[in-house]
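A.B. asks: If it helps, the file is called run.txt and holds compact mmCIF, C-alpha atoms:
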# COMPACT_ATOMS: atom_id res chain seq x y z
CA MET A 1 55.65 74.58 289.34
CA ILE A 2 54.06 75.40 292.68
CA HIS A 3 50.54 74.28 293.59
CA SER A 4 48.33 76.37 295.84
CA MET A 5 46.09 74.96 298.60
CA SER A 6 43.00 75.40 296.37
CA GLY A 7 44.47 73.08 293.74
CA GLY A 8 45.40 75.85 291.31
CA VAL A 9 48.88 76.46 289.97
CA ILE A 10 50.93 79.49 290.94
CA LYS A 11 53.16 80.59 288.10
CA LYS A 12 56.88 80.36 288.81
CA TYR A 13 58.58 83.41 287.29
CA ALA A 14 61.97 83.24 285.61
CA THR A 15 64.74 84.91 287.60
CA LYS A 16 68.14 86.22 286.57
CA THR A 17 71.26 87.53 288.26
CA LEU A 18 71.91 91.08 287.11
CA ILE A 19 75.12 93.02 287.53
CA LYS A 20 75.78 96.74 287.17
CA VAL A 21 79.18 97.35 285.60
CA ARG A 22 81.14 100.62 285.25
CA PHE A 23 83.39 100.94 282.19
CA ASP A 24 85.16 104.29 282.72
CA ASP A 25 82.31 106.76 282.02
CA ILE A 26 79.72 104.15 280.92
CA VAL A 27 77.48 102.16 283.30
CA LYS A 28 75.49 99.18 282.00
CA TRP A 29 73.41 96.29 283.37
CA TYR A 30 74.16 92.71 282.27
CA GLU A 31 72.89 89.21 282.91
CA CYS A 32 75.51 87.06 284.65
CA LEU A 33 75.41 83.26 284.65
CA VAL A 34 78.44 82.69 286.93
CA PRO A 35 79.06 83.61 290.58
CA VAL A 36 80.01 87.28 290.89
CA PHE A 37 80.74 89.79 293.66
CA VAL A 38 80.90 93.58 293.91
CA GLY A 39 84.44 94.66 293.02
CA ASP A 40 85.06 91.84 290.53
CA THR A 41 86.21 92.71 287.01
CA ALA A 42 83.70 92.02 284.24
CA ILE A 43 84.51 91.74 280.55
CA ALA A 44 81.79 92.60 278.04
CA GLU A 45 81.46 93.55 274.40
CA ILE A 46 80.70 97.23 273.89
CA GLU A 47 80.43 98.68 270.39
CA GLY A 48 82.19 95.69 268.86
CA GLU A 49 85.16 95.50 271.21
CA GLU A 50 85.83 93.78 274.52
CA LYS A 51 86.16 96.10 277.50
CA SER A 52 86.70 95.45 281.20
CA GLY A 53 84.92 97.22 284.01
CA LYS A 54 84.21 96.96 287.73
CA VAL A 55 81.08 95.32 289.12
CA GLU A 56 79.29 97.96 291.21
CA GLU A 57 76.11 96.06 292.14
CA VAL A 58 74.80 92.48 292.07
CA LEU A 59 71.08 91.67 292.13
CA ASN A 60 70.17 87.99 292.58
CA GLN A 61 66.88 86.29 291.65
CA VAL A 62 65.48 89.30 289.81
CA THR A 63 62.14 88.82 288.05
CA ALA A 64 61.17 90.77 284.94
CA ASP A 65 58.74 92.97 286.89
CA LYS A 66 61.41 93.94 289.47
CA SER A 67 64.30 94.46 287.04
CA PRO A 68 65.99 97.89 286.79
CA VAL A 69 66.11 97.36 282.97
CA PRO A 70 63.94 95.31 280.59
CA PHE A 71 65.05 91.68 280.35
CA SER A 72 64.89 91.98 276.55
CA SER A 73 67.67 94.60 276.58
CA LEU A 74 70.08 92.54 278.71
CA LYS A 75 73.22 90.99 277.25
CA GLU A 76 75.34 88.35 278.95
CA ILE A 77 78.67 89.27 280.45
CA LEU A 78 81.55 87.51 278.67
CA GLN A 79 83.81 86.83 281.65
CA ILE A 80 84.28 87.61 285.37
CA SER A 81 87.61 87.76 287.20
CA GLU A 82 88.57 88.79 290.71
Give the structure from the file, written as structure tokens.
C.D. replies:
Amino acid sequence: MIHSMSGGVIKKYATKTLIKVRFDDIVKWYECLVPVFVGDTAIAEIEGEEKSGKVEEVLNQVTADKSPVPFSSLKEILQISE
């Protein structure tokens, strides 16, 4: 929690690392809890099966109001490999 000079409290917003992944002709955003770089391979569950795709974009410390997709729609990536 951060305190302002007037003694009030400034809310600290939750942040997430988001990655944009391309699976052939599908592009999706995911939450990623491990270090990741553009060009890495990401494994995620899509329609009940695990698929691998390439990481096209990484956004660090994204807040809900700055997210390209609603936080509520994000799923976690299963695995990242180089």
A.B. asks: In Å, with one decimal, what is the gap from atom CA of A:Glu56 to atom CA of A:Val27?
C.D. replies: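 Calculated distance between atom CA of A:Glu56 and atom CA of A:Val27 is 9.1 Å.
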A.B. asks: Could you tell me how far atom CA of A:Asn60 lies from atom CA of A:Asp24, in Å and to one decimal?
C.D. replies: 24.2 Å
A.B. asks: Can you pull out every residue within 9 Å of A:Val62, counting all atoms listed in the file, but drop anything in the same chain fewer than 3 positions away, and send it as a ChimeraX atom specification?
C.D. replies: /A:14-18,59,65-67
A.B. asks: Taking into account all atoms listed in the file, which residue in the set A:Glu31, A:Asp40, A:Ala64, A:Ser72 is nearest to A:Ser52?
C.D. replies: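 So, comparing all the options, the nearest one is A:Asp40.
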A.B. asks: Using atom CA of A:Ala44 and atom CA of A:Leu78 as the two end points, give the distance in Å to one decimal.
C.D. replies: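 Straight-line distance from atom CA of A:Ala44 to atom CA of A:Leu78 works out to 5.1 Å.
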A.B. asks: Pick out the residues sitting within 12 Å of A:Val36, and hand them over as an mmCIF file with C-alpha atoms, in the coordinates of the input; count all atoms listed in the file, and ignore anything fewer than 3 positions along from it in its own chain.
C.D. replies:
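Below is the file around_19.cif, written as the result:
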data_model
loop_
_atom_site.group_PDB
_atom_site.id
_atom_site.type_symbol
_atom_site.label_atom_id
_atom_site.label_comp_id
_atom_site.auth_asym_id
_atom_site.auth_seq_id
_atom_site.Cartn_x
_atom_site.Cartn_y
_atom_site.Cartn_z
ATOM 1 C CA THR A 17 71.260 87.530 288.260
ATOM 2 C CA LEU A 18 71.910 91.080 287.110
ATOM 3 C CA ILE A 19 75.120 93.020 287.530
ATOM 4 C CA LYS A 20 75.780 96.740 287.170
ATOM 5 C CA VAL A 21 79.180 97.350 285.600
ATOM 6 C CA TYR A 30 74.160 92.710 282.270
ATOM 7 C CA GLU A 31 72.890 89.210 282.910
ATOM 8 C CA CYS A 32 75.510 87.060 284.650
ATOM 9 C CA LEU A 33 75.410 83.260 284.650
ATOM 10 C CA GLY A 39 84.440 94.660 293.020
ATOM 11 C CA ASP A 40 85.060 91.840 290.530
ATOM 12 C CA THR A 41 86.210 92.710 287.010
ATOM 13 C CA ALA A 42 83.700 92.020 284.240
ATOM 14 C CA LYS A 54 84.210 96.960 287.730
ATOM 15 C CA VAL A 55 81.080 95.320 289.120
ATOM 16 C CA GLU A 56 79.290 97.960 291.210
ATOM 17 C CA GLU A 57 76.110 96.060 292.140
ATOM 18 C CA VAL A 58 74.800 92.480 292.070
ATOM 19 C CA LEU A 59 71.080 91.670 292.130
ATOM 20 C CA ASN A 60 70.170 87.990 292.580
ATOM 21 C CA ILE A 77 78.670 89.270 280.450
ATOM 22 C CA GLN A 79 83.810 86.830 281.650
ATOM 23 C CA ILE A 80 84.280 87.610 285.370
ATOM 24 C CA SER A 81 87.610 87.760 287.200
ATOM 25 C CA GLU A 82 88.570 88.790 290.710
#
A.B. asks: Could you check the closest approach to A:Leu74 for each of A:Trp29, A:Glu50, A:Arg22, A:Glu45 and tell me which residue wins, using only C-alpha atoms?
C.D. replies: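 Checking each of A:Trp29, A:Glu50, A:Arg22, A:Glu45 against A:Leu74, counting only C-alpha atoms, the winner is A:Trp29.
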